[in-house]
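Peer 1: One structure is given below, represented as structure tokens, and several questions about it will come after.
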Amino acid sequence: MKKIKLTALLLFLFIGLSNFAQQGPPAINKIKVTGKIVDKKSNQPLEYATITLKNIKNPKALTGGITNSKGEFEADVIPGIYDITIEFISFKHVDIKGKNITEKTSLGTLALEDDASQLNEVVVRAEKSSVEIKLDKKVYNVGQDMMVRGGTVSDVLDNVPSVSVDTEGNVSLRGSDNIRILIDGRPSYAVNIAEALKQLPADAIDKVEVITNPSARYDAEGGSGIINIILKKGKNQGFNGTIIASTGIPETYGLSANVNYKTEKLNYFTTAGYNHRTNEGGGKTNSEYFNNDGTIKNFLNEDRNTKRTRDGFNGRAGIEWTIAPNMYWTNAINYEKNTGEDNDLINYNNYDAAHNFTGTTYRLNNGDTGSENTSFTSNLIKNFNDKGHKLTIDASISRNTDDSQSIITDSNNYNNTLNNQIQKQAQLQADYVLPLGEGSQFEAGYKGSFGDLNNEYYVLDDQGIKINNLSNTLEYKENINSLYTQYGFKKNKFSYLFGLRWEDTNVQVNLLDTNDFNTKKYNNFFPSAFISYEVSDQSNITTSYSKRLTRPRGRFMNPAVNYSSIVNIFQGNPDLDPSLTDKFDFGFIKRWKKITFNTSAYFESTKDVFSFVRSPTGDIVTPDGKVVTPMPGEVIEGIPVIKSKPINLGKEQKYGFEFTLNYNPFKIWRINSNFNLYNVKTTGEHSYTDTKGNLIIQNLDNQANTWSARVSSKLTLPYKIDWQLNANYNAEQKTAQGKSLDQFSMNTAFSKDLLKDKATLAFNISDIFNTRKMRSYTYLDNQSSYGEMQFRKRQFNLSFTYRFNKSKSEKEKNAQPKNEGGGDGGSDFPG
């Protein structure tokens with residue numbers, strides 16, 4: 001059986017990267033060789049095909065290239081006579097002998113055909129790096145990471161450069177949570193996105209794209225950028241798939257399968273999985289209260305223990321149909337169902353001014369949760385030629401339900417809370433790409449997004465009677481229509497991409513119980529510009545600008561009061577306005593033989609930025625645990641209730657520096673690292689009226705420096721055991737009403753291939769030292785407090801993966817054009 005030889009690829013990498021590292025200016029007499037590689041059957045481009053050019057008179061003078069997503073390549077050579085080899089795994093290679101190259105040369109379109117003898121063979125190839133650095137984004141390939149096996153999407157994101165996930169599951173990019181999260185290029189409309197990401201298993205994810213400065217083709221939503229989660233979709237010929245079983249401590253177990261069957265024109269793919277997860281956590285809040293003269297009044301220590309269990313099923317099934325060699329239609333159905341229990345126990349310990357214990361109360365919250373999400377997506381691609389001229393149409397509909405019920409028991413009270421919500425979403429998008437000669441193209445498109453959310457929240461007393469001032473029904477409707485156009489072209493070593501997007505937004509926020517109706521209508525233009533300069537084959541400089549928008553959603557706008565604590569409560573704000581951000585980015589990328597270095601300096605200026613403020617509600621928690629509202633002039637001893645609420649602050653300016661370094665010191669060792677340093681300055685104030693009728697104005701001006709770092713090491717040990725170690729550090733950061741303390745955590749994993757590489761056994765430890773805690777200080781006029789929260793304690797996971805009819809390292813050929821991002825897949829323009 002004939003095997004594909006990797007000699008050309010390895011020689012290209014070794015010699016090409018050696019040339020990258022050479023010092024001194026490039027030879028001025030080099031000329032360019034270009035071409036395109038396609039699948040002979042489907043006439044579709046082949047990405048990652050390798051081209052090797054060998055000088056007949058000087059065999060050591062090797063050069064070459066690897067094709068991009070459009071199957072195109074280019075290479076610089078000195079004049080001479082060359083033997084040229086084109087290779088792609090599972091295809092027959094093509095040889096061109098004795099090609100005389102004396103001037104700029106195009107090899108045209110070269111078609112490769114299947115090599116049937118290789119389809120069922122285990123193919124050895126160089127392992128693809130788990131982090132790909134591109135000029136406009138970073139692509140994290142989940143399949144290579146042992147850390148996330150048996151985990152969730154939250155675990156995946158927490159290993160992605162520039163991305164952080166806090167102990168509650170909230171996702172941030174470059175230290176900001178004003179981001180847009182997409183799944184297959186489509187928005188996730190889950191009301192609690194953090195909880196939704198914790199329910200989706202990591203095994204269903206193919207890769208994650210991090211786009212810090214999106215072009216006009218993307219939604220304007222996401223002030224600090226976009227994270228696009230791409231689900232797995234089998235592409236191998238025949239019947240093949242993967243089965244994964246996992247278990248862990250605290251009690252966690254799951255079983256999932258990814259299966260697909262592909263013929264020449266049809267590809268059936270499906271994913272299904274069940275998981276049971278237990279998260280044990282805890283925290284505390286120690287508060288110190290002061291009299292008006294600044295002397296200590298009393299102390300309150302809150303100790304919290306939490307346990308959350310989830311049982312979830314997720315399923316995805318679809319079919320790709322090659323209608324014609326230049327037309328593809330994909331349809332898929334997604335279904336998720338989750339149930340769970342939340343148990344929170346808080347003990348309140350009271351102390352007097354001398355810190356003598358005076359009494360204790362408690363609060364027990366036992367809750368049941370359930371959600372069911374169903375969606376249908378359809379994607380049609382029409383290619384008019386093989387030069388990138390195409391039309392893409394996307395449509396999707398979804399229905400999400402989330403229900404929860406909690407019984408809250410404390411020393412003196414008994415309440416029952418009910419929270420039921422239904423969300424419906426429809427989306428339609430069309431994108432048109434028209435090449436306008438070599439190195440330039442025009443794009444235009446439309447997108448309509450129409451959503452409807454109904455949320456009923458009730459608080460019942462111990463008699464089962466609704467407490468009106470704590471209950472409400474929220475109706476949220478959002479209709480967005482948008483148009484965009486952009487034009488990109490390349491001139492010499494410069495690439496340009498200019499775009500303009502227009503979005504018209506119509507939002508209704510209605511509180512039905514209080515007949516409070518709010519309508520927000522606005523439309524905005526969102527320009528974008530990208531300029532790239534090719535310093536050499538190994539380095540590029542880019543600069544970019546875009547205007548972005550962040551709309552308030554979910555818990556930010558829901559006025560339902562979260563009573564997980566009787567003295568520290570949270571309430572959304574339905575009157576929030578969107579924030580607008582101007583983003584500037586200057587980037588540089590350089591590749592050497594063993595090192596890839598990518599760095600960027602960025603600046604963001606945001607108006608009406610969202611910020612959380614804490615202020616007293618006027619209610620008092622008495623020493624025996626009762627919540628009372630003092631009458632005017634009445635003085636009641638106890639602890640004041642503090643409410644946290646999001647508001648539109650005046651302005652935020654942020655500038656920073658980030659770099660990512662990938663280093664391969666040896667074939668068996670790979671190191672990825674990321675560092676982010678930034679300064680953030682906020683200006684604004686918050687005013688409210690206290691219980692005495694006084695107008696209180698809080699100055700929330702703040703300026704802070706902070707940084708974060710991450711390093712990941714993957715090493716192959718004896719007996720072909722892979723070992724991976726990750727370390728994360730977030731530095732301390734000052735806030736308008738206190739400061740967030742630093743946080744350090746470390747994860748590790750071991751992996752061993754079995755059964756002739758058809759199976760893999762992996763063991764990982766999340767948060768080795770149990771240090772992943774969110775800690776902070778808060779300072780108010782008459783109160784200071786220290787708090788820490790750990791959503792999930794240290795976990796141990798063991799997983800077993802079995803692959804049938806395909807090998808671990810098999811390169812999946814892509815028989816249809818790239819459109820993995822769905823309707824928001826981004827520009828194909830190379831600049």
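Labels for the structure tokens follow display order: chains A, B, ..., residues from 1 in each chain, ligands from 1.
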Near A:Asp311, counting only C-alpha atoms, which residues have an atom at most 8 Å away, once you skip same-chain residues fewer than 3 positions from it, shown as a PyMOL selection string?

Peer 2: chain A and resi 274-277+338-340

Peer 1: For the interface of stretch 557-621 of chain A with stretch 775-778 of chain A (cut-off 12 Å, counting only C-alpha atoms), please tabulate each contacting residue of stretch 557-621 of chain A alongside its nearest pair of atoms and their separation in Å to one decimal, rows sorted by chain and increasing number, as JSON lines.

Peer 2:
{"residue": "A:Asn568", "atom": "CA", "partner": "A:Thr778", "partner_atom": "CA", "distance": 12.0}
{"residue": "A:Phe612", "atom": "CA", "partner": "A:Thr778", "partner_atom": "CA", "distance": 11.9}
{"residue": "A:Val613", "atom": "CA", "partner": "A:Thr778", "partner_atom": "CA", "distance": 10.6}
{"residue": "A:Arg614", "atom": "CA", "partner": "A:Thr778", "partner_atom": "CA", "distance": 9.0}
{"residue": "A:Ser615", "atom": "CA", "partner": "A:Thr778", "partner_atom": "CA", "distance": 11.3}

Peer 1: Would you kindly return, as a PDB file with all heavy atoms, in the first residue's frame, each protein, DNA or RNA residue with an atom no farther than 6 Å from any atom of A:Gln790, considering only C-alpha atoms and excluding same-chain residues fewer than 5 positions away?

Peer 2:
ATOM      1  N   THR A 167     -14.877  32.546  37.929  1.00  0.00           N
ATOM      2  CA  THR A 167     -15.400  31.408  38.686  1.00  0.00           C
ATOM      3  C   THR A 167     -16.897  31.208  38.494  1.00  0.00           C
ATOM      4  O   THR A 167     -17.414  30.139  38.795  1.00  0.00           O
ATOM      5  CB  THR A 167     -15.113  31.597  40.186  1.00  0.00           C
ATOM      6  OG1 THR A 167     -15.690  32.837  40.620  1.00  0.00           O
ATOM      7  CG2 THR A 167     -13.620  31.625  40.446  1.00  0.00           C
ATOM      8  N   GLY A 281     -18.707  24.301  45.411  1.00  0.00           N
ATOM      9  CA  GLY A 281     -18.016  25.572  45.580  1.00  0.00           C
ATOM     10  C   GLY A 281     -18.312  26.179  46.928  1.00  0.00           C
ATOM     11  O   GLY A 281     -18.896  25.552  47.816  1.00  0.00           O
ATOM     12  N   GLY A 282     -17.932  27.411  47.063  1.00  0.00           N
ATOM     13  CA  GLY A 282     -18.165  28.100  48.322  1.00  0.00           C
ATOM     14  C   GLY A 282     -17.551  29.483  48.296  1.00  0.00           C
ATOM     15  O   GLY A 282     -16.893  29.887  47.333  1.00  0.00           O
ATOM     16  N   GLY A 283     -17.767  30.214  49.363  1.00  0.00           N
ATOM     17  CA  GLY A 283     -17.226  31.560  49.447  1.00  0.00           C
ATOM     18  C   GLY A 283     -17.561  32.201  50.769  1.00  0.00           C
ATOM     19  O   GLY A 283     -18.168  31.579  51.660  1.00  0.00           O
ATOM     20  N   LYS A 773     -10.049  31.288  42.838  1.00  0.00           N
ATOM     21  CA  LYS A 773     -11.076  31.989  43.596  1.00  0.00           C
ATOM     22  C   LYS A 773     -11.133  33.449  43.151  1.00  0.00           C
ATOM     23  O   LYS A 773     -10.108  34.064  42.879  1.00  0.00           O
ATOM     24  CB  LYS A 773     -10.773  31.921  45.100  1.00  0.00           C
ATOM     25  CG  LYS A 773     -10.733  30.508  45.669  1.00  0.00           C
ATOM     26  CD  LYS A 773     -10.371  30.527  47.142  1.00  0.00           C
ATOM     27  CE  LYS A 773     -10.298  29.108  47.701  1.00  0.00           C
ATOM     28  NZ  LYS A 773      -9.928  29.097  49.143  1.00  0.00           N
TER      29      LYS A 773
END

Peer 1: Rank nothing, just name the residue among A:Ile226, A:Leu428, A:Ile408, A:Ile531 nearest to A:Pro214, using only C-alpha atoms.

Peer 2: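 Residue with the minimum atom-to-atom distance to A:Pro214: A:Ile226.
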
Peer 1: Show me, as a list in words, the residues that have an atom within 9 Å of A:Ala353 when counting only C-alpha atoms, minus same-chain residues fewer than 3 positions from it.

Peer 2: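 Here the qualifying residues turn out to be Tyr289, Thr295, Ile296, Lys297, Asn298, Phe299 and Asn356 of chain A.
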
Peer 1: Those same residues - all heavy atoms - I'd like them written as a short mmCIF file (atom, residue, chain, number, x, y, z; two decimals), in the first residue's frame.

Peer 2:
data_model
loop_
_atom_site.label_atom_id
_atom_site.label_comp_id
_atom_site.auth_asym_id
_atom_site.auth_seq_id
_atom_site.Cartn_x
_atom_site.Cartn_y
_atom_site.Cartn_z
N TYR A 289 -18.89 47.41 59.49
CA TYR A 289 -19.79 48.55 59.41
C TYR A 289 -19.33 49.66 60.36
O TYR A 289 -18.79 49.39 61.45
CB TYR A 289 -21.22 48.13 59.73
CG TYR A 289 -21.75 47.09 58.75
CD1 TYR A 289 -21.57 45.72 59.00
CD2 TYR A 289 -22.40 47.46 57.59
CE1 TYR A 289 -22.03 44.77 58.10
CE2 TYR A 289 -22.87 46.51 56.69
CZ TYR A 289 -22.68 45.17 56.95
OH TYR A 289 -23.13 44.23 56.06
N THR A 295 -16.23 55.44 63.57
CA THR A 295 -15.89 54.36 64.49
C THR A 295 -16.60 53.08 64.08
O THR A 295 -17.62 53.09 63.38
CB THR A 295 -16.30 54.73 65.93
OG1 THR A 295 -17.71 54.98 65.97
CG2 THR A 295 -15.54 55.97 66.40
N ILE A 296 -16.05 51.94 64.53
CA ILE A 296 -16.61 50.63 64.16
C ILE A 296 -17.95 50.43 64.86
O ILE A 296 -18.08 50.65 66.07
CB ILE A 296 -15.63 49.50 64.52
CG1 ILE A 296 -14.34 49.66 63.71
CG2 ILE A 296 -16.25 48.14 64.26
CD1 ILE A 296 -13.27 48.66 64.08
N LYS A 297 -18.92 49.97 64.09
CA LYS A 297 -20.25 49.71 64.63
C LYS A 297 -20.44 48.21 64.92
O LYS A 297 -20.82 47.84 66.03
CB LYS A 297 -21.31 50.19 63.65
CG LYS A 297 -22.74 50.01 64.12
CD LYS A 297 -23.71 50.55 63.06
CE LYS A 297 -25.15 50.39 63.51
NZ LYS A 297 -26.10 50.88 62.46
N ASN A 298 -20.21 47.37 63.94
CA ASN A 298 -20.33 45.92 64.12
C ASN A 298 -19.73 45.20 62.93
O ASN A 298 -19.26 45.82 61.97
CB ASN A 298 -21.80 45.50 64.33
CG ASN A 298 -22.68 45.91 63.17
OD1 ASN A 298 -22.33 46.75 62.35
ND2 ASN A 298 -23.85 45.30 63.08
N PHE A 299 -19.76 43.87 63.00
CA PHE A 299 -19.21 43.02 61.94
C PHE A 299 -20.25 41.97 61.55
O PHE A 299 -21.07 41.54 62.37
CB PHE A 299 -17.94 42.29 62.41
CG PHE A 299 -16.81 43.19 62.79
CD1 PHE A 299 -16.71 43.69 64.08
CD2 PHE A 299 -15.83 43.53 61.86
CE1 PHE A 299 -15.66 44.51 64.44
CE2 PHE A 299 -14.78 44.35 62.23
CZ PHE A 299 -14.68 44.84 63.52
N ASN A 356 -16.94 40.60 69.42
CA ASN A 356 -17.50 39.54 70.26
C ASN A 356 -18.72 38.96 69.55
O ASN A 356 -19.57 39.69 69.04
CB ASN A 356 -17.90 40.08 71.63
CG ASN A 356 -16.70 40.59 72.40
OD1 ASN A 356 -15.67 39.92 72.48
ND2 ASN A 356 -16.83 41.80 72.98
#

Peer 1: Mind listing the strand (DSSP E or B) residues of stretch 483-611 of chain A, per DSSP on the backbone, as a ChimeraX atom specification?

Peer 2: /A:483-491,494-511,516-536,539-550,561-562,568-571,579-591,595-607,610-611

Peer 1: Can you pull out the residues contacting stretch 673-688 of chain A? Cut-off 9 Å, using only C-alpha atoms, and skip same-chain residues under 2 positions away; I want them as an NGL selection string.

Peer 2: :A and (161-162 or 174-175 or 602 or 609 or 613 or 615 or 647-663 or 671 or 690 or 694-713 or 736)

Peer 1: As a PyMOL selection string, please: the residues near stretch 53-56 of chain A (cut-off 10 Å, only C-alpha atoms, same-chain neighbours under 4 positions excluded).

Peer 2: chain A and resi 8+12+33+60-65+75-86+96-100

Peer 1: For A:Phe526, list every protein, DNA or RNA residue within 6 Å, evaluated using only C-alpha atoms, and leave out those in the same chain fewer than 4 positions away; present the list as a list in words.

Peer 2: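 Here the answer would be Leu500, Arg501 and Lys547 of chain A.
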
Peer 1: With N, CA and C atoms kept, could you save the residues just selected as a PDB file, in the first residue's frame?

Peer 2:
ATOM      1  N   LEU A 500     -18.318  49.244   5.605  1.00  0.00           N
ATOM      2  CA  LEU A 500     -19.310  50.067   6.302  1.00  0.00           C
ATOM      3  C   LEU A 500     -20.541  49.210   6.572  1.00  0.00           C
ATOM      4  N   ARG A 501     -20.992  49.231   7.805  1.00  0.00           N
ATOM      5  CA  ARG A 501     -22.176  48.486   8.207  1.00  0.00           C
ATOM      6  C   ARG A 501     -23.203  49.455   8.781  1.00  0.00           C
ATOM      7  N   LYS A 547     -15.803  50.390  14.568  1.00  0.00           N
ATOM      8  CA  LYS A 547     -16.745  50.874  15.577  1.00  0.00           C
ATOM      9  C   LYS A 547     -17.634  49.714  15.980  1.00  0.00           C
TER      10      LYS A 547
END

Peer 1: What does the distance between atom CA of A:Phe556 and atom CA of A:Gly185 come to in Å, to one decimal place?

Peer 2: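 Computed distance, atom CA of A:Phe556 to atom CA of A:Gly185, equals 23.7 Å.
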
Peer 1: Under the rule that only C-alpha atoms are counted, which of A:Asn286, A:Asn492, A:Lys262, A:Asn468 is the nearest residue to A:Thr514?

Peer 2: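 Result for the nearest residue to A:Thr514: A:Asn468.
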
Peer 1: Kindly indicate which residue among A:Phe570, A:His355, A:Val153, A:Ser532 lies nearest to A:Val165, using only C-alpha atoms for the distances.

Peer 2: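 Ranked by minimum distance to A:Val165, first place goes to A:Val153.
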
Peer 1: Which of these, A:Lys626, A:Lys720, A:Lys477, A:Lys137, has the shortest distance to A:Asn510 once you count only C-alpha atoms?

Peer 2: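 Closest to A:Asn510, using only C-alpha atoms: A:Lys477.
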